[in-house]
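Q: I am sharing protein-v2.cif, which consists of mmCIF, C-alpha atoms and all ligand atoms:
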data_final
#
loop_
_atom_site.group_PDB
_atom_site.id
_atom_site.type_symbol
_atom_site.label_atom_id
_atom_site.label_comp_id
_atom_site.auth_asym_id
_atom_site.auth_seq_id
_atom_site.Cartn_x
_atom_site.Cartn_y
_atom_site.Cartn_z
ATOM 1 C CA MET Q 1 210.420 38.375 12.501
ATOM 2 C CA PRO Q 2 210.321 42.072 11.696
ATOM 3 C CA ASP Q 3 208.316 41.507 8.490
ATOM 4 C CA ASN Q 4 205.478 39.816 10.335
ATOM 5 C CA GLN Q 5 205.433 42.520 12.972
ATOM 6 C CA HIS Q 6 205.264 45.126 10.255
ATOM 7 C CA ALA Q 7 202.368 43.323 8.581
ATOM 8 C CA ASP Q 8 200.607 43.050 11.923
ATOM 9 C CA ARG Q 9 200.562 46.750 12.662
ATOM 10 C CA THR Q 10 199.728 47.926 9.148
ATOM 11 C CA SER Q 11 197.007 45.417 8.346
ATOM 12 C CA ARG Q 12 195.132 45.688 11.620
ATOM 13 C CA THR Q 13 191.452 46.433 11.313
ATOM 14 C CA ARG Q 14 190.717 49.682 13.109
ATOM 15 C CA THR Q 15 187.340 50.124 14.776
ATOM 16 C CA ALA Q 16 185.958 53.217 16.476
ATOM 17 C CA VAL Q 17 184.523 52.525 19.920
ATOM 18 C CA PRO Q 18 181.976 55.121 21.137
ATOM 19 C CA ARG Q 19 183.277 57.033 24.153
ATOM 20 C CA ARG Q 20 181.879 59.301 26.803
ATOM 21 C CA PHE Q 21 183.722 62.581 27.333
ATOM 22 C CA LEU Q 22 183.508 65.425 29.823
ATOM 23 C CA MET Q 23 184.325 68.886 28.459
ATOM 24 C CA CYS Q 24 184.255 72.444 29.824
ATOM 25 C CA ARG Q 25 183.309 75.403 27.597
ATOM 26 C CA PRO Q 26 186.061 78.052 27.654
ATOM 27 C CA SER Q 27 183.647 80.870 28.597
ATOM 28 C CA HIS Q 28 186.175 82.335 31.036
ATOM 29 C CA PHE Q 29 189.282 81.361 29.078
ATOM 30 C CA GLU Q 30 192.157 83.844 29.008
ATOM 31 C CA VAL Q 31 195.900 83.752 29.592
ATOM 32 C CA SER Q 32 196.279 85.878 32.712
ATOM 33 C CA TYR Q 33 199.161 83.974 34.343
ATOM 34 C CA SER Q 34 201.992 81.768 33.169
ATOM 35 C CA ILE Q 35 202.574 78.285 34.580
ATOM 36 C CA ASN Q 36 204.099 76.695 31.487
ATOM 37 C CA PRO Q 37 206.394 78.005 28.709
ATOM 38 C CA TRP Q 38 203.517 78.320 26.203
ATOM 39 C CA MET Q 39 201.659 80.935 28.261
ATOM 40 C CA HIS Q 40 202.416 84.617 27.510
ATOM 41 C CA PRO Q 41 199.902 86.832 29.322
ATOM 42 C CA GLU Q 42 201.063 89.871 27.338
ATOM 43 C CA LYS Q 43 199.824 88.287 24.080
ATOM 44 C CA PRO Q 44 196.135 88.795 23.268
ATOM 45 C CA VAL Q 45 193.662 85.908 23.307
ATOM 46 C CA ASP Q 46 190.392 85.967 21.390
ATOM 47 C CA ASN Q 47 187.866 84.402 23.751
ATOM 48 C CA SER Q 48 185.058 84.065 21.210
ATOM 49 C CA LEU Q 49 187.431 82.378 18.765
ATOM 50 C CA ALA Q 50 188.534 80.022 21.566
ATOM 51 C CA VAL Q 51 184.872 79.167 22.198
ATOM 52 C CA SER Q 52 184.110 78.509 18.530
ATOM 53 C CA GLN Q 53 187.230 76.352 18.083
ATOM 54 C CA TRP Q 54 186.280 74.402 21.200
ATOM 55 C CA GLU Q 55 182.706 73.966 19.910
ATOM 56 C CA GLY Q 56 184.221 72.589 16.707
ATOM 57 C CA LEU Q 57 185.978 69.862 18.683
ATOM 58 C CA ARG Q 58 182.880 69.064 20.747
ATOM 59 C CA ASP Q 59 180.658 68.870 17.671
ATOM 60 C CA LEU Q 60 183.206 66.694 15.874
ATOM 61 C CA TYR Q 61 183.167 64.207 18.747
ATOM 62 C CA ARG Q 62 179.378 64.063 18.521
ATOM 63 C CA GLU Q 63 179.437 63.623 14.742
ATOM 64 C CA LEU Q 64 181.795 60.684 15.263
ATOM 65 C CA GLY Q 65 179.230 59.074 17.565
ATOM 66 C CA HIS Q 66 180.708 59.960 20.950
ATOM 67 C CA THR Q 67 178.784 61.371 23.906
ATOM 68 C CA VAL Q 68 179.937 64.710 25.289
ATOM 69 C CA VAL Q 69 178.699 65.978 28.630
ATOM 70 C CA GLU Q 70 179.638 69.407 29.931
ATOM 71 C CA ILE Q 71 180.657 70.776 33.306
ATOM 72 C CA ASP Q 72 179.776 74.430 34.002
ATOM 73 C CA PRO Q 73 182.840 76.680 33.697
ATOM 74 C CA LEU Q 74 183.592 78.807 36.756
ATOM 75 C CA PRO Q 75 184.689 82.460 36.590
ATOM 76 C CA GLY Q 76 188.269 83.027 37.722
ATOM 77 C CA LEU Q 77 189.393 79.587 36.508
ATOM 78 C CA PRO Q 78 190.586 80.283 32.940
ATOM 79 C CA ASP Q 79 192.301 76.874 32.573
ATOM 80 C CA MET Q 80 189.202 74.912 33.574
ATOM 81 C CA VAL Q 81 188.627 74.292 29.848
ATOM 82 C CA PHE Q 82 191.384 71.680 30.152
ATOM 83 C CA ALA Q 83 189.025 69.024 31.471
ATOM 84 C CA ALA Q 84 191.640 66.285 31.136
ATOM 85 C CA ASN Q 85 193.239 67.685 34.266
ATOM 86 C CA GLY Q 86 190.049 67.415 36.323
ATOM 87 C CA ALA Q 87 190.289 63.730 37.341
ATOM 88 C CA THR Q 88 191.149 60.247 36.091
ATOM 89 C CA VAL Q 89 188.171 57.939 35.585
ATOM 90 C CA VAL Q 90 188.631 54.205 35.025
ATOM 91 C CA ASP Q 91 186.060 51.442 35.637
ATOM 92 C CA GLY Q 92 183.663 54.144 36.867
ATOM 93 C CA LYS Q 93 186.089 55.005 39.692
ATOM 94 C CA VAL Q 94 187.110 58.638 40.074
ATOM 95 C CA PHE Q 95 190.634 59.534 41.146
ATOM 96 C CA GLY Q 96 190.397 63.244 41.941
ATOM 97 C CA ALA Q 97 192.971 65.798 40.852
ATOM 98 C CA ARG Q 98 195.083 67.984 43.088
ATOM 99 C CA PHE Q 99 196.884 70.780 41.270
ATOM 100 C CA ARG Q 100 200.485 71.957 41.624
ATOM 101 C CA HIS Q 101 199.796 75.685 41.109
ATOM 102 C CA ALA Q 102 197.646 77.944 43.298
ATOM 103 C CA GLU Q 103 196.022 79.403 40.156
ATOM 104 C CA ARG Q 104 194.371 76.030 39.444
ATOM 105 C CA THR Q 105 193.813 74.475 42.891
ATOM 106 C CA ALA Q 106 190.087 75.335 42.991
ATOM 107 C CA GLU Q 107 189.528 73.199 39.886
ATOM 108 C CA GLY Q 108 190.156 69.974 41.813
ATOM 109 C CA PRO Q 109 187.142 70.312 44.143
ATOM 110 C CA ALA Q 110 185.032 71.793 41.303
ATOM 111 C CA TYR Q 111 185.493 68.690 39.167
ATOM 112 C CA LEU Q 112 185.127 66.394 42.165
ATOM 113 C CA SER Q 113 181.744 67.866 43.102
ATOM 114 C CA TRP Q 114 180.541 67.403 39.509
ATOM 115 C CA PHE Q 115 181.248 63.674 39.878
ATOM 116 C CA GLN Q 116 179.419 63.604 43.211
ATOM 117 C CA GLN Q 117 176.400 65.338 41.692
ATOM 118 C CA GLN Q 118 176.385 62.841 38.830
ATOM 119 C CA GLY Q 119 176.085 59.986 41.318
ATOM 120 C CA TYR Q 120 179.572 58.517 41.034
ATOM 121 C CA GLU Q 121 180.160 56.590 44.252
ATOM 122 C CA ASP Q 122 183.758 55.473 44.209
ATOM 123 C CA ILE Q 123 185.602 58.792 44.418
ATOM 124 C CA LEU Q 124 189.018 59.447 45.954
ATOM 125 C CA TRP Q 125 190.259 62.850 47.047
ATOM 126 C CA PRO Q 126 193.983 62.165 46.666
ATOM 127 C CA GLU Q 127 196.734 62.710 49.185
ATOM 128 C CA PHE Q 128 199.393 63.719 46.652
ATOM 129 C CA ILE Q 129 199.472 66.150 43.732
ATOM 130 C CA ASN Q 130 198.279 64.696 40.434
ATOM 131 C CA GLU Q 131 196.909 66.613 37.456
ATOM 132 C CA GLY Q 132 194.398 64.043 36.273
ATOM 133 C CA GLU Q 133 194.601 62.612 32.791
ATOM 134 C CA GLY Q 134 197.131 65.288 31.953
ATOM 135 C CA ASP Q 135 199.637 62.977 33.628
ATOM 136 C CA ILE Q 136 197.792 59.636 33.869
ATOM 137 C CA LEU Q 137 197.005 57.833 30.626
ATOM 138 C CA THR Q 138 195.205 54.504 30.184
ATOM 139 C CA VAL Q 139 196.591 51.949 27.711
ATOM 140 C CA GLY Q 140 194.329 48.921 27.786
ATOM 141 C CA ARG Q 141 194.362 47.720 31.412
ATOM 142 C CA ARG Q 142 197.556 49.584 32.300
ATOM 143 C CA LEU Q 143 198.253 53.142 33.309
ATOM 144 C CA LEU Q 144 201.158 55.350 32.311
ATOM 145 C CA ALA Q 145 201.881 58.088 34.835
ATOM 146 C CA GLY Q 146 204.055 61.143 34.277
ATOM 147 C CA THR Q 147 206.142 63.126 36.730
ATOM 148 C CA GLY Q 148 208.841 65.762 36.561
ATOM 149 C CA PHE Q 149 206.876 69.007 36.408
ATOM 150 C CA ARG Q 150 203.405 68.623 37.905
ATOM 151 C CA THR Q 151 202.366 65.239 39.273
ATOM 152 C CA ASP Q 152 204.051 63.924 42.425
ATOM 153 C CA PRO Q 153 205.515 60.448 41.807
ATOM 154 C CA ARG Q 154 203.943 59.257 45.068
ATOM 155 C CA SER Q 155 200.543 59.690 43.429
ATOM 156 C CA HIS Q 156 201.470 56.983 40.925
ATOM 157 C CA PHE Q 157 201.349 54.353 43.664
ATOM 158 C CA GLU Q 158 198.234 55.994 45.073
ATOM 159 C CA ALA Q 159 196.569 55.556 41.665
ATOM 160 C CA GLN Q 160 197.782 51.965 41.373
ATOM 161 C CA GLU Q 161 196.266 51.046 44.727
ATOM 162 C CA PHE Q 162 193.015 52.900 44.013
ATOM 163 C CA PHE Q 163 192.388 51.407 40.574
ATOM 164 C CA GLY Q 164 194.075 48.058 41.225
ATOM 165 C CA LEU Q 165 195.812 48.368 37.854
ATOM 166 C CA PRO Q 166 199.543 48.370 37.083
ATOM 167 C CA VAL Q 167 201.085 51.823 36.795
ATOM 168 C CA THR Q 168 204.300 52.607 34.928
ATOM 169 C CA SER Q 169 206.043 55.825 35.974
ATOM 170 C CA LEU Q 170 207.616 58.014 33.303
ATOM 171 C CA LYS Q 171 209.792 61.045 33.897
ATOM 172 C CA LEU Q 172 209.385 64.204 31.799
ATOM 173 C CA VAL Q 173 212.473 66.394 31.399
ATOM 174 C CA ASN Q 174 211.574 69.121 28.861
ATOM 175 C CA PRO Q 175 209.457 71.976 30.300
ATOM 176 C CA ASP Q 176 207.676 72.482 26.940
ATOM 177 C CA TYR Q 177 206.185 69.012 27.482
ATOM 178 C CA TYR Q 178 205.197 69.465 31.104
ATOM 179 C CA HIS Q 179 202.260 67.026 31.138
ATOM 180 C CA LEU Q 180 202.431 63.417 29.964
ATOM 181 C CA ASP Q 181 199.625 64.036 27.453
ATOM 182 C CA THR Q 182 201.801 66.590 25.643
ATOM 183 C CA ALA Q 183 204.526 63.977 25.032
ATOM 184 C CA ILE Q 184 202.693 60.701 24.400
ATOM 185 C CA ALA Q 185 199.297 59.752 22.984
ATOM 186 C CA VAL Q 186 197.448 56.468 23.361
ATOM 187 C CA LEU Q 187 196.236 55.071 20.039
ATOM 188 C CA SER Q 188 194.759 51.684 20.994
ATOM 189 C CA ASP Q 189 194.878 49.154 23.821
ATOM 190 C CA ASP Q 190 198.542 48.464 23.078
ATOM 191 C CA GLU Q 191 199.828 51.251 20.836
ATOM 192 C CA VAL Q 192 201.123 54.756 21.490
ATOM 193 C CA MET Q 193 202.958 57.556 19.718
ATOM 194 C CA TYR Q 194 205.462 59.692 21.612
ATOM 195 C CA TYR Q 195 208.305 62.208 21.503
ATOM 196 C CA PRO Q 196 211.449 60.614 22.949
ATOM 197 C CA PRO Q 197 213.324 63.845 23.848
ATOM 198 C CA ALA Q 198 210.539 64.759 26.281
ATOM 199 C CA PHE Q 199 211.553 61.838 28.503
ATOM 200 C CA SER Q 200 214.522 60.957 30.704
ATOM 201 C CA GLU Q 201 216.978 58.380 29.391
ATOM 202 C CA GLY Q 202 215.551 55.713 31.709
ATOM 203 C CA SER Q 203 211.964 56.418 30.726
ATOM 204 C CA ARG Q 204 212.850 56.342 27.022
ATOM 205 C CA SER Q 205 214.242 52.877 27.588
ATOM 206 C CA VAL Q 206 211.042 51.833 29.407
ATOM 207 C CA LEU Q 207 208.948 53.101 26.473
ATOM 208 C CA ARG Q 208 211.093 51.192 23.971
ATOM 209 C CA GLU Q 209 210.610 48.006 26.014
ATOM 210 C CA MET Q 210 206.855 48.444 26.297
ATOM 211 C CA PHE Q 211 206.141 49.801 22.804
ATOM 212 C CA PRO Q 212 208.905 48.738 20.391
ATOM 213 C CA ASP Q 213 206.739 49.606 17.355
ATOM 214 C CA ALA Q 214 205.529 53.005 18.546
ATOM 215 C CA ILE Q 215 205.215 55.950 16.188
ATOM 216 C CA LEU Q 216 207.909 58.470 17.133
ATOM 217 C CA ALA Q 217 207.140 62.158 16.735
ATOM 218 C CA THR Q 218 209.604 64.529 15.054
ATOM 219 C CA ASP Q 219 210.626 67.824 16.669
ATOM 220 C CA GLU Q 220 208.264 69.620 14.269
ATOM 221 C CA ASP Q 221 205.227 67.515 15.139
ATOM 222 C CA ALA Q 222 205.896 67.732 18.864
ATOM 223 C CA ALA Q 223 206.355 71.512 18.686
ATOM 224 C CA VAL Q 224 202.836 72.005 17.271
ATOM 225 C CA PHE Q 225 201.435 69.879 20.125
ATOM 226 C CA GLY Q 226 200.784 66.935 17.783
ATOM 227 C CA LEU Q 227 200.928 64.439 20.641
ATOM 228 C CA ASN Q 228 198.012 66.052 22.424
ATOM 229 C CA ALA Q 229 195.754 63.686 20.530
ATOM 230 C CA LEU Q 230 192.653 61.594 21.165
ATOM 231 C CA SER Q 231 192.085 58.222 19.486
ATOM 232 C CA ASP Q 232 188.793 56.338 19.468
ATOM 233 C CA GLY Q 233 190.463 53.294 17.939
ATOM 234 C CA LEU Q 234 189.997 54.480 14.364
ATOM 235 C CA HIS Q 235 189.856 58.290 14.270
ATOM 236 C CA VAL Q 236 192.738 60.178 15.793
ATOM 237 C CA LEU Q 237 191.936 63.825 16.488
ATOM 238 C CA LEU Q 238 195.075 65.945 16.733
ATOM 239 C CA PRO Q 239 196.328 69.478 16.004
ATOM 240 C CA LYS Q 240 196.035 70.027 12.272
ATOM 241 C CA ALA Q 241 199.597 71.358 11.960
ATOM 242 C CA ALA Q 242 200.991 67.931 12.943
ATOM 243 C CA THR Q 243 201.162 66.725 9.337
ATOM 244 C CA GLY Q 244 204.010 64.232 9.824
ATOM 245 C CA LEU Q 245 202.113 62.351 12.510
ATOM 246 C CA GLN Q 246 199.001 62.335 10.334
ATOM 247 C CA ALA Q 247 200.955 60.556 7.589
ATOM 248 C CA ARG Q 248 202.393 58.005 10.069
ATOM 249 C CA LEU Q 249 198.891 57.362 11.460
ATOM 250 C CA ARG Q 250 197.426 56.807 7.996
ATOM 251 C CA GLU Q 251 200.154 54.227 7.271
ATOM 252 C CA ARG Q 252 198.978 52.289 10.316
ATOM 253 C CA GLY Q 253 195.353 52.278 9.265
ATOM 254 C CA PHE Q 254 194.113 55.116 11.465
ATOM 255 C CA GLU Q 255 192.061 58.054 10.187
ATOM 256 C CA PRO Q 256 193.734 61.203 11.454
ATOM 257 C CA ILE Q 257 191.552 64.324 11.713
ATOM 258 C CA GLY Q 258 193.314 67.674 12.048
ATOM 259 C CA VAL Q 259 191.702 70.104 14.475
ATOM 260 C CA ASP Q 260 192.401 73.825 14.938
ATOM 261 C CA LEU Q 261 192.545 74.890 18.581
ATOM 262 C CA ALA Q 262 195.102 77.682 18.112
ATOM 263 C CA GLU Q 263 193.607 79.965 20.763
ATOM 264 C CA LEU Q 264 193.771 77.281 23.447
ATOM 265 C CA LEU Q 265 197.345 76.449 22.446
ATOM 266 C CA LYS Q 266 198.237 79.889 23.837
ATOM 267 C CA ALA Q 267 197.669 78.327 27.272
ATOM 268 C CA GLY Q 268 199.603 75.175 26.378
ATOM 269 C CA GLY Q 269 196.647 72.918 25.642
ATOM 270 C CA SER Q 270 194.919 71.233 22.715
ATOM 271 C CA VAL Q 271 192.653 68.305 21.802
ATOM 272 C CA LYS Q 272 193.485 65.861 24.589
ATOM 273 C CA CYS Q 273 193.745 68.559 27.257
ATOM 274 C CA CYS Q 274 190.130 69.577 26.526
ATOM 275 C CA THR Q 275 188.859 66.017 26.890
ATOM 276 C CA LEU Q 276 188.339 63.870 29.979
ATOM 277 C CA GLU Q 277 187.280 60.328 29.205
ATOM 278 C CA LEU Q 278 184.590 58.860 31.467
ATOM 279 C CA ARG Q 279 185.429 55.158 31.437
ATOM 280 C CA THR Q 280 182.996 52.635 32.772
ATOM 281 C CA ARG Q 281 183.807 49.018 33.494
HETATM 282 N N1 LIG Q 301 197.544 76.168 31.184
HETATM 283 C C1 LIG Q 301 197.320 74.816 31.604
HETATM 284 C C2 LIG Q 301 198.390 74.395 32.593
HETATM 285 O O1 LIG Q 301 199.531 74.767 32.397
HETATM 286 C C3 LIG Q 301 197.278 73.886 30.444
HETATM 287 C C4 LIG Q 301 196.870 72.500 30.808
HETATM 288 C C5 LIG Q 301 196.883 71.571 29.648
HETATM 289 N N2 LIG Q 301 196.285 70.324 29.978
HETATM 290 C C6 LIG Q 301 196.807 69.129 29.698
HETATM 291 N N3 LIG Q 301 196.075 68.064 29.931
HETATM 292 N N4 LIG Q 301 198.016 68.998 29.253
HETATM 293 O O2 LIG Q 301 198.135 73.747 33.550
#
Taking this structure as input, can you express it in the form of structure tokens?
A:
Amino acid sequence: MPDNQHADRTSRTRTAVPRRFLMCRPSHFEVSYSINPWMHPEKPVDNSLAVSQWEGLRDLYRELGHTVVEIDPLPGLPDMVFAANGATVVDGKVFGARFRHAERTAEGPAYLSWFQQQGYEDILWPEFINEGEGDILTVGRRLLAGTGFRTDPRSHFEAQEFFGLPVTSLKLVNPDYYHLDTAIAVLSDDEVMYYPPAFSEGSRSVLREMFPDAILATDEDAAVFGLNALSDGLHVLLPKAATGLQARLRERGFEPIGVDLAELLKAGGSVKCCTLELRTR
């Protein structure tokens, strides 16, 4: 019944649900090393422009009714602005992050101690490498977990046991899309949009099985980081250059909002990377 399915996804009522986000001001942001293909330390970065673009995103979240709390940025950790990598928080439980590269390892304990100071009680310092919500996304009561470049696949089972929620592993194969949140975005409790060429053949098949109606990104939309998006159920904040995805989202009843984070893109990050969702039960 393809017609009914079509009607279902276009006529759905979209509702924004207020969220709680953790963000980190890019006070010490720069591109002084390269751990992904987007990073070119020889190219200049305008730190004050990065800060004002980041403030634009933070203020937009607040205008949309979300709560944003901030962690203090630490000198010497230029990528700490990418709060999504700091942990994965579901049902008030904190699955700490353990980074692949030496340049970022100190961020794991920094984020973890923030959660301790805030009074979170159920916190796990993980055994295996995982880069937080960069590679672990929540779709309703399920988790999608990426591997291939950063996160160790053994951490997927570690996360499943810790949260007691089913985890589906997905393999990334294109170094430009090195974190799961650069290749797929969660739109609602059962909808996603993604870029098939970022995934292995087997994982593409898994995604087709799980999300037969998903929005598929074009090469152009993926290349401007369009999948690094954050949905609150109605508004979808994404890089403003991703115009094709914005049209697809509008067709499905979402309200896309284009955001300019060009300075942070020089480190290979955008909207979603800057945002860690603090989920309670
Ligand atoms: N320069 C950072 C890195 O390569 C960017 C992280 C982007 N974060 C994300 N959630 N995808 O680790």
Q: Measuring atom to atom with all atoms listed in the file, identify which of Q:Ala87, Q:Leu187, Q:Val31, Q:Ala229 is nearest to Asp46 in chain Q.
A: Q:Val31
Q: Using the chain letters and numbers from the file, which residues does the PyMOL selection byres (((chain Q and resi 108) around 7) and not hetatm) grab, as a list in words?
A: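 This file gives the following for the PyMOL selection byres (((chain Q and resi 108) around 7) and not hetatm): Gly86, Gly96, Ala97, Arg98, Phe99, Thr105, Ala106, Glu107, Pro109, Ala110, Tyr111 and Leu112 of chain Q.
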Q: Neighbouring residues of range 144-152 of chain Q were defined as those with any atom within 7 Å, considering all atoms listed in the file; residues of the same chain fewer than 2 positions away were excluded. Please report them as a list in words.
A: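 Skipping anything fewer than 2 positions along the chain leaves Arg100, Phe128, Ile129, Asn130, Glu131, Asp135, Ile136, Leu137, Thr138, Arg142, Arg154, Ser155, His156, Val167, Thr168, Ser169, Leu170, Lys171, Leu172, Val173, Tyr178, His179 and Leu180 of chain Q.
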Q: Between CA of Leu230 in chain Q and CA of Pro37 in chain Q, measure the distance and give it in Å to one decimal.
A: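 Distance between the two atoms: 22.7 Å.
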Q: Considering all atoms listed in the file, can you say which of Q:Tyr61, Q:Trp125, Q:Phe225, Q:Phe162 comes closest to ligand LIG 301 (chain Q)?
A: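 Residue with the minimum atom-to-atom distance to ligand LIG 301 (chain Q): Q:Phe225.
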Q: Got a sec to write range 85-162 of chain Q of the block to a file, C-alpha atoms, as a CSV table (one decimal), in the first residue's frame?
A:
chain,number,residue,atom,x,y,z
Q,85,ASN,CA,31.4,13.6,21.4
Q,86,GLY,CA,31.5,14.1,25.2
Q,87,ALA,CA,29.2,11.3,26.2
Q,88,THR,CA,25.9,9.6,25.4
Q,89,VAL,CA,23.0,10.3,27.8
Q,90,VAL,CA,19.8,8.3,27.8
Q,91,ASP,CA,17.3,7.8,30.6
Q,92,GLY,CA,19.6,10.0,32.8
Q,93,LYS,CA,22.4,7.4,32.4
Q,94,VAL,CA,25.8,8.7,31.2
Q,95,PHE,CA,27.9,6.5,29.0
Q,96,GLY,CA,31.3,8.2,29.0
Q,97,ALA,CA,33.4,8.8,25.9
Q,98,ARG,CA,36.8,7.5,25.2
Q,99,PHE,CA,38.5,9.1,22.2
Q,100,ARG,CA,40.5,7.4,19.4
Q,101,HIS,CA,43.1,10.2,19.0
Q,102,ALA,CA,45.6,11.5,21.6
Q,103,GLU,CA,44.7,15.1,20.7
Q,104,ARG,CA,41.2,14.6,22.2
Q,105,THR,CA,41.7,12.0,25.0
Q,106,ALA,CA,41.5,14.6,27.8
Q,107,GLU,CA,38.0,15.5,26.7
Q,108,GLY,CA,36.6,12.2,27.9
Q,109,PRO,CA,37.4,12.8,31.6
Q,110,ALA,CA,36.6,16.5,31.3
Q,111,TYR,CA,33.0,15.8,30.2
Q,112,LEU,CA,32.7,12.9,32.7
Q,113,SER,CA,33.6,15.2,35.6
Q,114,TRP,CA,31.0,17.7,34.5
Q,115,PHE,CA,28.4,15.0,34.8
Q,116,GLN,CA,29.7,14.1,38.3
Q,117,GLN,CA,29.5,17.7,39.4
Q,118,GLN,CA,26.0,18.0,38.1
Q,119,GLY,CA,24.9,15.1,40.3
Q,120,TYR,CA,24.4,12.4,37.7
Q,121,GLU,CA,24.7,9.1,39.5
Q,122,ASP,CA,24.6,6.4,36.9
Q,123,ILE,CA,27.9,7.1,35.0
Q,124,LEU,CA,30.0,4.5,33.2
Q,125,TRP,CA,33.7,5.1,32.3
Q,126,PRO,CA,33.8,2.8,29.2
Q,127,GLU,CA,36.2,0.0,28.5
Q,128,PHE,CA,36.3,0.5,24.7
Q,129,ILE,CA,36.7,3.5,22.5
Q,130,ASN,CA,33.5,5.3,21.7
Q,131,GLU,CA,33.1,9.0,20.6
Q,132,GLY,CA,29.8,9.7,22.3
Q,133,GLU,CA,26.8,10.8,20.3
Q,134,GLY,CA,29.1,11.3,17.4
Q,135,ASP,CA,28.7,7.6,16.8
Q,136,ILE,CA,25.7,6.7,19.0
Q,137,LEU,CA,22.4,8.0,18.0
Q,138,THR,CA,19.0,7.5,19.7
Q,139,VAL,CA,15.9,6.7,17.6
Q,140,GLY,CA,13.0,6.3,19.9
Q,141,ARG,CA,14.0,3.4,22.3
Q,142,ARG,CA,16.7,2.1,20.0
Q,143,LEU,CA,20.3,3.1,19.4
Q,144,LEU,CA,22.2,3.2,16.2
Q,145,ALA,CA,26.0,2.8,16.7
Q,146,GLY,CA,28.7,3.6,14.1
Q,147,THR,CA,32.1,2.1,13.6
Q,148,GLY,CA,34.7,2.1,11.0
Q,149,PHE,CA,36.8,5.1,11.8
Q,150,ARG,CA,36.5,6.1,15.5
Q,151,THR,CA,34.3,4.0,17.7
Q,152,ASP,CA,35.3,0.4,18.5
Q,153,PRO,CA,32.5,-2.1,17.6
Q,154,ARG,CA,32.9,-3.7,21.0
Q,155,SER,CA,31.6,-0.5,22.6
Q,156,HIS,CA,28.3,-1.1,20.9
Q,157,PHE,CA,27.6,-4.1,23.1
Q,158,GLU,CA,28.9,-2.2,26.0
Q,159,ALA,CA,26.3,0.5,25.4
Q,160,GLN,CA,23.6,-2.1,24.9
Q,161,GLU,CA,24.3,-3.7,28.2
Q,162,PHE,CA,24.6,-0.3,30.0
